[in-house]
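Engineer: Data file start-v8.cif (mmCIF, C-alpha atoms) is appended below.
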```cif
data_start
#
loop_
_atom_site.label_atom_id
_atom_site.label_comp_id
_atom_site.auth_asym_id
_atom_site.auth_seq_id
_atom_site.Cartn_x
_atom_site.Cartn_y
_atom_site.Cartn_z
CA MET V 1028 90.86 93.99 57.89
CA CYS V 1029 90.66 90.24 58.61
CA ARG V 1030 90.87 89.71 62.37
CA GLU V 1031 91.21 93.50 62.59
CA ARG V 1032 94.95 93.07 62.39
CA ILE V 1033 95.35 96.33 60.57
CA SER V 1034 93.40 98.32 63.13
CA ASN V 1035 95.12 96.99 66.22
CA GLU V 1036 98.76 97.60 65.44
CA ARG V 1037 100.69 100.45 66.89
CA GLN V 1038 102.46 101.92 65.30
CA ALA V 1039 131.71 107.40 49.80
CA ASP V 1040 133.79 105.08 51.00
CA GLY V 1041 136.06 107.33 53.10
CA GLY V 1042 139.19 105.51 52.00
CA GLY V 1043 141.30 107.03 54.80
CA HIS V 1044 143.79 105.22 56.99
CA ASN V 1045 141.84 105.81 60.18
CA ARG V 1046 139.36 102.94 60.50
CA SER V 1047 137.58 104.18 63.62
CA LEU V 1048 133.80 104.45 63.36
CA MET V 1049 133.25 108.17 63.69
CA LEU V 1050 135.67 110.51 62.01
CA LEU V 1051 135.29 114.21 62.53
CA ARG V 1052 138.19 115.26 60.34
CA TYR V 1053 137.13 115.02 56.74
CA PRO V 1054 135.55 118.15 55.31
CA ALA V 1055 131.96 117.87 54.10
CA ASP V 1056 132.88 118.46 50.46
CA MET V 1057 135.07 115.33 50.45
CA LEU V 1058 132.08 113.30 51.62
CA VAL V 1059 129.88 114.84 48.97
CA ALA V 1060 132.41 114.05 46.29
CA ALA V 1061 132.78 110.47 47.47
CA ALA V 1062 129.03 109.93 47.69
CA SER V 1063 128.54 111.35 44.23
CA ALA V 1064 131.32 109.37 42.60
CA ASP V 1065 128.92 106.92 40.99
CA ARG V 1066 126.91 109.63 39.32
CA PRO V 1067 128.61 113.02 39.11
CA GLY V 1068 126.61 116.14 39.89
CA LYS V 1069 124.35 114.46 42.42
CA HIS V 1070 124.71 113.68 46.10
CA VAL V 1071 123.04 110.41 46.95
CA TYR V 1072 122.39 109.83 50.65
CA ALA V 1073 122.84 106.09 50.60
CA THR V 1074 122.77 105.69 54.38
CA LEU V 1075 119.36 107.36 54.54
CA ASP V 1076 118.22 105.03 51.75
CA GLY V 1077 119.30 102.05 53.81
CA ILE V 1078 117.64 103.29 56.98
CA ARG V 1079 114.33 103.81 55.21
CA GLY V 1080 114.42 100.38 53.61
CA ILE V 1081 115.24 98.66 56.89
CA ALA V 1082 112.48 100.56 58.70
CA ALA V 1083 109.88 99.71 56.04
CA ALA V 1084 110.84 96.02 56.18
CA LEU V 1085 110.50 95.92 59.99
CA ILE V 1086 107.09 97.57 59.78
CA ALA V 1087 105.99 95.03 57.16
CA ILE V 1088 107.11 92.17 59.42
CA ARG V 1089 105.17 93.59 62.36
CA HIS V 1090 102.00 94.14 60.35
CA ALA V 1091 102.17 90.67 58.83
CA GLY V 1092 102.27 89.24 62.36
CA PRO V 1093 100.63 85.84 61.64
CA LEU V 1094 103.28 85.21 58.97
CA PHE V 1095 106.06 85.96 61.46
CA PRO V 1096 105.08 84.23 64.71
CA GLY V 1097 107.04 85.60 67.63
CA TRP V 1098 108.55 88.50 65.68
CA ASP V 1099 106.80 91.33 67.49
CA PHE V 1100 108.81 94.48 66.94
CA SER V 1101 106.77 96.58 69.33
CA ASN V 1102 108.86 99.73 68.79
CA SER V 1103 108.77 99.56 64.98
CA PRO V 1104 106.00 102.23 64.85
CA LEU V 1105 108.80 104.70 65.61
CA ALA V 1106 109.75 104.22 61.96
CA VAL V 1107 107.04 106.75 61.11
CA ASP V 1108 108.76 109.44 63.16
CA LEU V 1109 112.04 108.48 61.53
CA PHE V 1110 110.43 108.90 58.10
CA PHE V 1111 109.08 112.32 59.08
CA VAL V 1112 112.56 113.51 60.10
CA ILE V 1113 114.08 112.22 56.86
CA SER V 1114 111.28 113.79 54.86
CA GLY V 1115 111.89 117.20 56.44
CA PHE V 1116 115.59 117.03 55.60
CA VAL V 1117 115.08 115.82 52.04
CA ILE V 1118 112.30 118.24 51.17
CA ALA V 1119 114.34 121.15 52.53
CA SER V 1120 117.25 119.93 50.42
CA ALA V 1121 115.10 119.78 47.31
CA TYR V 1122 112.80 122.77 47.78
CA ASP V 1123 114.08 125.43 50.16
CA ARG V 1124 115.79 127.39 47.42
CA ARG V 1125 113.15 126.74 44.78
CA LEU V 1126 110.39 128.03 47.03
CA ALA V 1127 112.51 131.04 47.90
CA ASP V 1128 113.02 131.64 44.17
CA GLY V 1129 109.28 131.70 43.48
CA LEU V 1130 107.96 128.16 43.21
CA SER V 1131 104.30 128.37 44.23
CA PRO V 1132 102.80 126.21 46.97
CA ALA V 1133 100.49 124.75 44.32
CA GLY V 1134 103.46 123.78 42.15
CA PHE V 1135 105.16 122.19 45.14
CA MET V 1136 102.09 120.17 46.11
CA LYS V 1137 101.58 119.06 42.52
CA ALA V 1138 105.09 117.59 42.52
CA ARG V 1139 104.40 115.86 45.84
CA LEU V 1140 101.18 114.33 44.60
CA ILE V 1141 102.78 113.14 41.37
CA ARG V 1142 105.28 111.26 43.48
CA LEU V 1143 102.99 109.91 46.20
CA TYR V 1144 99.58 109.35 44.65
CA PRO V 1145 100.13 106.53 42.10
CA LEU V 1146 101.39 104.00 44.65
CA TYR V 1147 99.01 105.35 47.28
CA LEU V 1148 96.14 104.62 44.87
CA ALA V 1149 97.52 101.16 44.17
CA GLY V 1150 97.59 100.45 47.91
CA LEU V 1151 94.05 101.79 48.33
CA LEU V 1152 92.68 99.55 45.56
CA LEU V 1153 94.61 96.59 46.91
CA GLY V 1154 93.04 97.33 50.30
CA LEU V 1155 89.62 97.41 48.68
CA GLY V 1156 90.35 93.99 47.21
CA ALA V 1157 91.48 92.66 50.58
CA GLY V 1158 88.38 94.06 52.29
CA THR V 1159 86.13 92.56 49.64
CA LEU V 1160 87.81 89.19 50.11
CA CYS V 1161 87.22 89.38 53.88
CA TRP V 1162 83.60 90.47 53.36
CA LEU V 1163 82.75 87.72 50.88
CA SER V 1164 84.48 85.07 52.98
CA GLY V 1165 82.54 86.18 56.07
CA THR V 1166 85.62 86.64 58.25
CA ASP V 1167 84.47 90.07 59.45
CA PRO V 1168 80.71 90.54 59.93
CA ARG V 1169 81.10 94.34 60.15
CA LEU V 1170 82.06 94.55 56.48
CA SER V 1171 79.53 95.35 53.76
CA ALA V 1172 79.45 97.03 50.38
CA THR V 1173 78.65 100.37 52.04
CA ALA V 1174 81.37 99.91 54.67
CA LEU V 1175 83.91 99.48 51.87
CA VAL V 1176 82.70 102.08 49.38
CA LEU V 1177 82.43 105.05 51.75
CA PRO V 1178 86.09 104.86 52.92
CA LEU V 1179 87.05 104.37 49.27
CA LEU V 1180 85.44 107.68 48.28
CA PHE V 1181 87.36 109.56 50.97
CA GLY V 1182 90.51 107.62 50.23
CA LEU V 1183 90.47 108.59 46.57
CA VAL V 1184 91.12 112.20 47.63
CA MET V 1185 93.57 111.14 50.37
CA LEU V 1186 91.31 112.19 53.23
CA PRO V 1187 90.60 110.24 56.44
CA SER V 1188 87.22 108.57 56.39
CA PRO V 1189 84.66 109.27 59.15
CA PHE V 1190 82.94 106.08 58.00
CA THR V 1191 85.02 103.26 59.43
CA TRP V 1192 84.31 99.88 60.98
CA ASN V 1193 87.47 99.73 63.11
CA ASP V 1194 88.16 103.34 64.22
CA GLU V 1195 90.99 103.63 61.69
CA THR V 1196 91.14 106.86 59.70
CA PHE V 1197 92.15 104.92 56.58
CA PRO V 1198 90.51 101.52 57.14
CA LEU V 1199 91.22 100.15 53.65
CA ASN V 1200 94.97 100.65 53.99
CA THR V 1201 95.91 101.85 57.45
CA PRO V 1202 99.51 102.98 56.72
CA SER V 1203 98.05 105.74 54.55
CA TRP V 1204 97.40 107.77 57.71
CA SER V 1205 101.03 108.87 57.77
CA LEU V 1206 100.86 110.02 54.16
CA PHE V 1207 97.92 112.26 55.09
CA PHE V 1208 99.97 113.92 57.83
CA GLU V 1209 102.96 114.11 55.49
CA LEU V 1210 100.94 116.05 52.94
CA ALA V 1211 99.36 118.23 55.64
CA ILE V 1212 102.75 119.33 56.95
CA ASN V 1213 103.94 119.82 53.36
CA VAL V 1214 101.15 122.34 52.78
CA VAL V 1215 102.13 124.24 55.94
CA TYR V 1216 105.80 124.17 54.88
CA ALA V 1217 105.05 125.49 51.40
CA VAL V 1218 102.67 128.26 52.52
CA LEU V 1219 104.81 129.51 55.42
CA HIS V 1220 108.21 128.80 53.91
CA ARG V 1221 109.33 132.42 53.57
CA SER V 1222 108.59 133.19 57.21
CA VAL V 1223 110.10 130.04 58.72
CA THR V 1224 113.41 131.19 60.17
CA THR V 1225 115.77 128.89 62.01
CA ARG V 1226 114.83 130.55 65.29
CA ARG V 1227 111.14 129.92 64.65
CA LEU V 1228 111.87 126.32 63.73
CA VAL V 1229 113.62 125.87 67.08
CA ALA V 1230 110.55 127.33 68.78
CA VAL V 1231 108.25 124.90 66.94
CA VAL V 1232 110.46 121.97 67.94
CA CYS V 1233 110.44 123.09 71.58
CA VAL V 1234 106.67 123.52 71.71
CA ALA V 1235 105.93 120.21 69.97
CA GLY V 1236 108.52 118.46 72.14
CA SER V 1237 106.89 119.87 75.27
CA ILE V 1238 103.53 118.51 74.14
CA LEU V 1239 105.08 115.08 73.55
CA ALA V 1240 106.58 115.21 77.05
CA ALA V 1241 103.22 116.18 78.57
CA MET V 1242 101.52 113.33 76.72
CA THR V 1243 104.11 110.87 78.01
CA LEU V 1244 103.70 112.12 81.58
CA SER V 1245 99.94 111.71 81.33
CA GLY V 1246 100.32 108.11 80.17
CA LYS V 1247 99.26 108.64 76.54
CA ALA V 1248 100.90 106.50 73.88
CA LEU V 1249 103.02 108.28 71.27
CA ASP V 1250 102.64 105.60 68.59
CA GLU V 1251 99.23 106.96 67.59
CA GLY V 1252 97.62 109.10 64.91
CA HIS V 1253 96.17 106.30 62.82
CA SER V 1254 92.89 106.01 64.77
CA TRP V 1255 90.16 108.58 65.29
CA ALA V 1256 90.45 108.17 69.07
CA PHE V 1257 93.97 109.62 69.05
CA PHE V 1258 94.00 111.47 65.73
CA GLY V 1259 95.56 114.61 67.20
CA THR V 1260 98.72 112.74 68.19
CA GLY V 1261 99.61 112.48 64.53
CA PHE V 1262 99.77 116.27 64.17
CA VAL V 1263 102.16 116.56 67.12
CA ARG V 1264 104.40 113.75 65.83
CA VAL V 1265 104.70 115.10 62.31
CA THR V 1266 105.18 118.70 63.48
CA TYR V 1267 108.07 117.82 65.76
CA SER V 1268 109.85 115.37 63.46
CA PHE V 1269 109.39 117.27 60.19
CA ALA V 1270 110.57 120.53 61.79
CA MET V 1271 113.56 118.66 63.19
CA GLY V 1272 114.37 117.44 59.68
CA LEU V 1273 114.26 121.02 58.39
CA LEU V 1274 116.63 122.05 61.18
CA LEU V 1275 119.05 119.23 60.38
CA PHE V 1276 119.24 120.46 56.81
CA ARG V 1277 120.06 124.00 57.92
CA LEU V 1278 122.68 122.78 60.41
CA ARG V 1279 124.26 120.10 58.19
CA GLY V 1280 127.94 119.79 57.40
CA ARG V 1281 129.32 120.09 60.92
CA ILE V 1282 130.48 116.49 61.32
CA SER V 1283 131.43 113.62 59.07
CA VAL V 1284 131.27 109.87 59.50
CA SER V 1285 133.52 107.17 58.06
CA SER V 1286 132.29 104.29 55.91
CA PRO V 1287 132.35 101.80 58.82
CA GLY V 1288 130.56 104.43 60.88
CA SER V 1289 127.76 104.59 58.29
CA VAL V 1290 127.29 100.83 58.56
CA ALA V 1291 127.11 101.21 62.34
CA VAL V 1292 124.40 103.86 61.90
CA LEU V 1293 122.36 101.39 59.83
CA ALA V 1294 122.73 98.75 62.55
CA LEU V 1295 121.75 101.21 65.26
CA ALA V 1296 118.64 102.25 63.35
CA ALA V 1297 117.56 98.62 62.97
CA LEU V 1298 118.28 97.87 66.63
CA THR V 1299 116.30 100.92 67.77
CA LEU V 1300 113.17 99.70 65.98
CA MET V 1301 113.63 96.07 67.03
CA MET V 1302 113.88 96.71 70.75
CA PRO V 1303 111.29 95.07 73.04
CA PRO V 1304 108.99 97.30 75.13
CA LEU V 1305 111.14 99.52 77.34
CA GLY V 1306 108.59 101.71 79.03
CA ALA V 1307 106.73 104.90 78.15
CA TRP V 1308 109.83 107.09 77.97
CA TYR V 1309 111.63 105.03 75.34
CA PRO V 1310 109.42 106.31 72.47
CA PHE V 1311 109.72 109.87 73.78
CA VAL V 1312 113.53 109.78 73.92
CA CYS V 1313 113.72 108.15 70.50
CA ILE V 1314 111.36 110.64 68.85
CA THR V 1315 112.85 113.76 70.39
CA VAL V 1316 116.57 112.93 70.51
CA TRP V 1317 117.76 109.59 69.24
CA LEU V 1318 116.07 109.35 65.82
CA PRO V 1319 117.11 112.89 64.80
CA ALA V 1320 120.64 112.01 65.97
CA LEU V 1321 120.66 108.94 63.73
CA VAL V 1322 119.56 111.02 60.74
CA CYS V 1323 122.25 113.59 61.56
CA LEU V 1324 124.88 110.82 61.50
CA ALA V 1325 123.39 109.24 58.38
CA ILE V 1326 123.71 112.42 56.31
CA ALA V 1327 127.31 112.90 57.45
CA GLY V 1328 128.82 109.92 55.65
CA GLU V 1329 128.36 107.12 53.17
CA PRO V 1330 129.16 103.39 53.25
CA GLY V 1331 131.51 101.68 50.83
CA PRO V 1332 130.51 100.92 47.22
CA ALA V 1333 129.00 97.47 47.81
CA MET V 1334 126.96 98.52 50.83
CA ARG V 1335 125.97 101.71 49.01
CA ARG V 1336 124.38 99.70 46.22
CA ALA V 1337 122.49 97.59 48.76
CA CYS V 1338 121.27 100.75 50.49
CA HIS V 1339 119.99 102.16 47.21
CA LEU V 1340 117.98 98.98 46.62
CA LEU V 1341 116.52 99.21 50.11
CA GLY V 1342 115.69 102.86 49.56
CA ALA V 1343 114.04 102.12 46.22
CA ALA V 1344 111.81 99.50 47.82
CA SER V 1345 110.88 101.43 50.96
CA TYR V 1346 107.92 103.56 49.86
CA PRO V 1347 106.25 100.89 47.67
CA LEU V 1348 106.79 98.31 50.41
CA TYR V 1349 105.33 100.65 53.02
CA VAL V 1350 102.20 101.49 51.10
CA LEU V 1351 101.47 98.01 49.64
CA HIS V 1352 102.42 95.53 52.35
CA SER V 1353 99.38 95.80 54.63
CA PRO V 1354 96.59 94.77 52.24
CA ALA V 1355 98.97 92.30 50.58
CA ALA V 1356 99.51 90.62 53.97
CA VAL V 1357 95.75 90.44 54.60
CA MET V 1358 95.17 88.82 51.21
CA THR V 1359 98.07 86.41 51.70
CA GLU V 1360 96.78 85.28 55.09
CA ALA V 1361 93.24 84.85 53.71
CA MET V 1362 94.46 82.75 50.80
CA LEU V 1363 96.63 80.61 53.06
CA ALA V 1364 93.63 80.03 55.34
CA ARG V 1365 91.56 78.87 52.37
CA ILE V 1366 94.06 76.10 51.66
CA GLY V 1367 94.21 75.10 55.30
CA ILE V 1368 97.39 76.87 56.42
CA THR V 1369 96.27 78.74 59.52
CA HIS V 1370 99.62 78.81 61.32
CA PRO V 1371 102.30 79.55 58.73
CA GLY V 1372 105.91 79.38 59.84
CA ALA V 1373 108.71 81.91 59.56
CA LEU V 1374 109.75 80.54 56.16
CA THR V 1375 106.37 81.53 54.78
CA GLY V 1376 106.80 85.00 56.22
CA LEU V 1377 110.30 85.27 54.75
CA ALA V 1378 108.95 84.27 51.33
CA PHE V 1379 106.26 86.94 51.68
CA LEU V 1380 108.82 89.61 52.57
CA ILE V 1381 111.12 88.67 49.67
CA ALA V 1382 108.18 88.71 47.26
CA MET V 1383 107.06 92.11 48.55
CA MET V 1384 110.57 93.52 48.22
CA ALA V 1385 110.70 92.33 44.60
CA ILE V 1386 107.27 93.80 43.87
CA ALA V 1387 108.30 97.06 45.55
CA LEU V 1388 111.44 97.35 43.41
CA LEU V 1389 109.45 96.69 40.24
CA ALA V 1390 106.83 99.22 41.30
CA ASP V 1391 109.48 101.85 41.95
CA ARG V 1392 111.29 101.07 38.74
CA TYR V 1393 108.36 101.03 36.34
CA PHE V 1394 104.99 101.88 37.91
CA THR V 1395 106.03 105.13 39.61
CA SER V 1396 108.26 106.19 36.72
CA TRP V 1397 105.50 105.58 34.20
CA PHE V 1398 102.93 107.60 36.16
CA GLY V 1399 105.51 110.32 36.75
CA GLY V 1400 106.01 110.70 33.03
CA ARG V 1401 109.53 109.38 33.11
CA LYS V 1402 111.00 106.12 31.87
CA PRO V 1403 114.16 104.62 33.36
CA ALA V 1404 117.15 105.04 31.09
CA PRO V 1405 118.68 101.82 29.78
CA GLY V 1406 121.38 100.62 32.14
CA ASP V 1407 120.22 102.73 35.09
CA PRO V 1408 120.69 100.63 38.21
CA VAL V 1409 117.49 99.95 40.12
CA GLY V 1410 117.31 102.10 43.21
CA GLU V 1411 119.29 105.05 41.88
CA GLU V 1412 116.62 106.65 39.76
CA VAL V 1413 115.33 109.61 41.73
CA PRO V 1414 114.44 110.21 45.34
CA ARG V 1415 112.65 107.15 46.50
CA MET V 1416 110.30 108.04 49.34
CA ASP V 1417 110.07 111.50 47.90
CA ARG V 1418 111.00 112.38 44.42
CA GLU V 1419 111.07 116.03 43.99
CA GLU V 1420 113.10 118.63 42.24
CA PRO V 1421 116.58 119.19 43.57
CA LEU V 1422 118.32 122.42 44.22
CA ARG V 1423 120.98 123.51 41.80
CA GLU V 1424 124.48 123.07 43.12
CA SER V 1425 126.07 126.19 44.49
CA ARG V 1426 129.58 127.05 43.55
CA SER V 1427 130.87 126.84 47.10
CA GLU V 1428 129.15 123.66 48.23
CA PRO V 1429 127.96 120.66 46.23
CA HIS V 1430 124.26 120.56 46.98
CA PRO V 1431 122.91 117.48 48.72
CA THR V 1432 119.85 116.13 46.96
CA GLY V 1433 117.51 113.30 46.93
CA ASP V 1434 114.74 111.93 48.93
CA MET V 1435 115.93 108.37 48.92
CA ILE V 1436 117.94 110.01 48.40
CA ALA V 1437 118.96 111.23 45.13
CA CYS V 1438 117.57 114.02 43.04
CA GLU V 1439 117.78 114.28 39.30
CA PRO V 1440 117.72 117.44 37.14
CA ASP V 1441 114.00 116.97 36.50
CA GLY V 1442 113.64 115.96 40.14
CA ARG V 1443 110.84 114.91 42.40
CA VAL V 1444 110.84 114.10 46.16
CA ALA V 1445 108.74 111.79 48.39
CA GLY V 1446 108.04 111.42 52.02
CA PHE V 1447 107.46 108.35 53.42
CA SER V 1448 106.09 107.20 55.78
CA LEU V 1449 103.74 102.93 56.83
CA ARG V 1450 100.04 99.62 58.45
CA SER V 1451 98.90 101.25 61.61
CA SER V 1452 102.34 102.31 62.73
#
```
I'd like the structure from this file rewritten - as structure tokens, please.
Structural biologist:
Amino acid sequence: MCRERISNERQADGGGHNRSLMLLRYPADMLVAAASADRPGKHVYATLDGIRGIAAALIAIRHAGPLFPGWDFSNSPLAVDLFFVISGFVIASAYDRRLADGLSPAGFMKARLIRLYPLYLAGLLLGLGAGTLCWLSGTDPRLSATALVLPLLFGLVMLPSPFTWNDETFPLNTPSWSLFFELAINVVYAVLHRSVTTRRLVAVVCVAGSILAAMTLSGKALDEGHSWAFFGTGFVRVTYSFAMGLLLFRLRGRISVSSPGSVAVLALAALTLMMPPLGAWYPFVCITVWLPALVCLAIAGEPGPAMRRACHLLGAASYPLYVLHSPAAVMTEAMLARIGITHPGALTGLAFLIAMMAIALLADRYFTSWFGGRKPAPGDPVGEEVPRMDREEPLRESRSEPHPTGDMIACEPDGRVAGFSLRSS
């Protein structure tokens, strides 16, 4: 939008006596029981919640660059690949058995759209408002009524717009590009579910990984997919990472991680996305090996009660923050410029981030629940309602193994799941 900022950016407490970080002793069912202690009958992946919230916050900081001078997290676009891995795991957790038992692809996609569309639409309309503000203020001469309306029409049906003034596929709210790829891979998953064996998943991962390696060797950036010039990169990224998430679900339960180890996983995820530029191979290694490894560790353990509650709050805010922050940042910068603040300091950026987190929590708590036909029960803690990034129906627990559920990671009996994903990441 203004200054084309949107278009340029790349994207359980274990309780044991052993306090070492990684513990490989405790059986998986003990971890499930500990993680579900707050709300029996449901496994809440608090560490995944925390990772998603941290990743969304770092993306918001990067995209609101003028509000955070000097805070250039150049590797934060890898958060999108992290979201795709988490989405694959969570959706498999919530839907593998239901699809096998006869849930139609149409029924699956309806549940996905119920979860994703309300906040997506809110972000689209907010982006329209931000674009209109930039047009009327004359900050971008390429903007006009036609330039805004045509992308709006495509955006209303969640399709990339061929009519764009900045080469972005979703010019009104650039982070929406990842939601398009999320839904595209969801359709493939639902239609081909019965024929997707573990062996075939491994083959898909190998092929997509080979393409990512070839792209890296040829000097092509992997943090793409949001622009028309490199639209195809998005298909490769989502195919590899989503398939890896499906594999992690099928191979889960082989290790476990202590509560301190879960905190370390959160720190490692943040550090991975905050690293300065480290060459072309850093994104490749992260996408293909390191990010899936972090998700594997995250699903293997839960932090202590206090940290778990914080993780749930972060998870609750992640999807609303991801889909609303970009146009909100544009509008904030435009309004600050009108009152003469052209170089805001870090305190202004921090105030923006805190305000966006609060808005995101309120949106998750009330806006999404209202559109989903479900009101929060009195006394329900914010952030523990249903899957956050993806709220979809959970699998029933089997007798031999408590079933892990949740997109953000908690599924309720009437479930829903979401996928996440972020401004031009």
Engineer: One number please: atom CA of V:Ala1364 to atom CA of V:Leu1160, in Å, one decimal.
Structural biologist: 12.0 Å
Engineer: Excluding V:Asp1391 and its own-chain neighbours fewer than 6 positions away, which residues fall within 7 Å of it when counting only C-alpha atoms? Please give them as a VMD selection string.
Structural biologist: chain V and resid 1343 to 1344 1347
Engineer: If I take atom CA of V:Leu1148 and atom CA of V:Leu1199, how far is one from the other in Å, to one decimal?
Structural biologist: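 So the two atoms, atom CA of V:Leu1148 and atom CA of V:Leu1199, lie 11.0 Å apart.
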Engineer: Check the smallest atom-to-atom distance from each of V:Ile1088, V:Ala1172, V:Ala1320, V:Leu1155 to V:Ile1282 using all atoms listed in the file, then report the winner.
Structural biologist: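 Under the stated criterion, the closest residue is V:Ala1320.
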Engineer: Between V:Ala1217, V:Met1271, V:Ala1211, V:Ala1296, single out the one closest to V:Pro1187, counting all atoms listed in the file.
Structural biologist: V:Ala1211
Engineer: Write out as a list in words which residues come within 9 Å of V:Arg1169 when counting all atoms listed in the file, dropping same-chain ones fewer than 6 positions away.
Structural biologist: Trp1162, Trp1192 and Asn1193 of chain V
Engineer: Please report the interatomic distance between atom CA of V:His1090 and atom CA of V:Met1383 in Å with one decimal.
Structural biologist: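 If I compute the distance from atom CA of V:His1090 to atom CA of V:Met1383, I get 13.0 Å.
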Engineer: Measuring between all atoms listed in the file, which one of V:Phe1190, V:Ala1157, V:Thr1260, V:Ser1101 shows the shortest distance to V:Thr1173?
Structural biologist: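 Using all atoms listed in the file, the shortest distance to V:Thr1173 belongs to V:Phe1190.
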Engineer: For a cutoff of 12 Å around the file-coordinate point (89.2, 92.3, 47.9), which residues qualify once you count all atoms listed in the file? I'd like the result as a VMD selection string.
Structural biologist: chain V and resid 1028 to 1029 1150 to 1164 1170 to 1172 1175 to 1176 1199 to 1200 1354 to 1355 1357 to 1359 1361 to 1362
Engineer: Evaluate the PyMOL selection byres ((chain V and resi 1245-1247) around 12) against this structure - the residues, as a list in words, please.
Structural biologist: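 That selection, the PyMOL selection byres ((chain V and resi 1245-1247) around 12), comes back as Ile1238, Leu1239, Ala1240, Ala1241, Met1242, Thr1243, Leu1244, Ala1248, Leu1249, Asp1250, Glu1251, Gly1252, Ala1256, Phe1257, Gly1259, Thr1260, Gly1306, Ala1307, Trp1308, Pro1310 and Phe1311 of chain V.
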Engineer: Can you sort out stretch 1135-1140 of chain V so it carries all heavy atoms, written as a PDB file, in the frame of the given file?
Structural biologist:
```pdb
ATOM      1  N   PHE V1135     104.507 123.123  44.219  1.00  0.00           N
ATOM      2  CA  PHE V1135     105.160 122.190  45.140  1.00  0.00           C
ATOM      3  C   PHE V1135     104.272 120.995  45.444  1.00  0.00           C
ATOM      4  O   PHE V1135     104.694 119.842  45.377  1.00  0.00           O
ATOM      5  CB  PHE V1135     105.519 122.938  46.423  1.00  0.00           C
ATOM      6  CG  PHE V1135     105.940 122.045  47.548  1.00  0.00           C
ATOM      7  CD1 PHE V1135     107.189 121.450  47.559  1.00  0.00           C
ATOM      8  CD2 PHE V1135     105.082 121.800  48.615  1.00  0.00           C
ATOM      9  CE1 PHE V1135     107.579 120.622  48.606  1.00  0.00           C
ATOM     10  CE2 PHE V1135     105.460 120.986  49.666  1.00  0.00           C
ATOM     11  CZ  PHE V1135     106.717 120.392  49.660  1.00  0.00           C
ATOM     12  N   MET V1136     102.997 121.256  45.764  1.00  0.00           N
ATOM     13  CA  MET V1136     102.090 120.170  46.110  1.00  0.00           C
ATOM     14  C   MET V1136     101.785 119.297  44.893  1.00  0.00           C
ATOM     15  O   MET V1136     101.574 118.083  45.033  1.00  0.00           O
ATOM     16  CB  MET V1136     100.796 120.726  46.696  1.00  0.00           C
ATOM     17  CG  MET V1136     100.966 121.371  48.058  1.00  0.00           C
ATOM     18  SD  MET V1136     101.813 120.293  49.269  1.00  0.00           S
ATOM     19  CE  MET V1136     100.691 118.889  49.340  1.00  0.00           C
ATOM     20  N   LYS V1137     101.779 119.866  43.715  1.00  0.00           N
ATOM     21  CA  LYS V1137     101.580 119.060  42.520  1.00  0.00           C
ATOM     22  C   LYS V1137     102.712 118.043  42.375  1.00  0.00           C
ATOM     23  O   LYS V1137     102.488 116.865  42.065  1.00  0.00           O
ATOM     24  CB  LYS V1137     101.518 119.962  41.276  1.00  0.00           C
ATOM     25  CG  LYS V1137     101.363 119.181  39.980  1.00  0.00           C
ATOM     26  CD  LYS V1137     101.349 120.115  38.773  1.00  0.00           C
ATOM     27  CE  LYS V1137     101.271 119.298  37.475  1.00  0.00           C
ATOM     28  NZ  LYS V1137     101.287 120.191  36.275  1.00  0.00           N
ATOM     29  N   ALA V1138     103.943 118.500  42.604  1.00  0.00           N
ATOM     30  CA  ALA V1138     105.090 117.590  42.520  1.00  0.00           C
ATOM     31  C   ALA V1138     104.990 116.492  43.577  1.00  0.00           C
ATOM     32  O   ALA V1138     105.307 115.329  43.318  1.00  0.00           O
ATOM     33  CB  ALA V1138     106.385 118.380  42.685  1.00  0.00           C
ATOM     34  N   ARG V1139     104.547 116.859  44.774  1.00  0.00           N
ATOM     35  CA  ARG V1139     104.400 115.860  45.840  1.00  0.00           C
ATOM     36  C   ARG V1139     103.375 114.815  45.481  1.00  0.00           C
ATOM     37  O   ARG V1139     103.568 113.631  45.699  1.00  0.00           O
ATOM     38  CB  ARG V1139     104.020 116.568  47.142  1.00  0.00           C
ATOM     39  CG  ARG V1139     105.039 117.544  47.659  1.00  0.00           C
ATOM     40  CD  ARG V1139     106.313 116.870  48.097  1.00  0.00           C
ATOM     41  NE  ARG V1139     106.092 116.099  49.298  1.00  0.00           N
ATOM     42  CZ  ARG V1139     106.466 114.834  49.455  1.00  0.00           C
ATOM     43  NH1 ARG V1139     107.080 114.210  48.483  1.00  0.00           N
ATOM     44  NH2 ARG V1139     106.255 114.198  50.575  1.00  0.00           N
ATOM     45  N   LEU V1140     102.244 115.270  44.941  1.00  0.00           N
ATOM     46  CA  LEU V1140     101.180 114.330  44.600  1.00  0.00           C
ATOM     47  C   LEU V1140     101.576 113.436  43.429  1.00  0.00           C
ATOM     48  O   LEU V1140     101.209 112.252  43.402  1.00  0.00           O
ATOM     49  CB  LEU V1140      99.893 115.099  44.269  1.00  0.00           C
ATOM     50  CG  LEU V1140      99.199 115.738  45.475  1.00  0.00           C
ATOM     51  CD1 LEU V1140      98.084 116.669  45.017  1.00  0.00           C
ATOM     52  CD2 LEU V1140      98.657 114.664  46.412  1.00  0.00           C
TER      53      LEU V1140
END
```
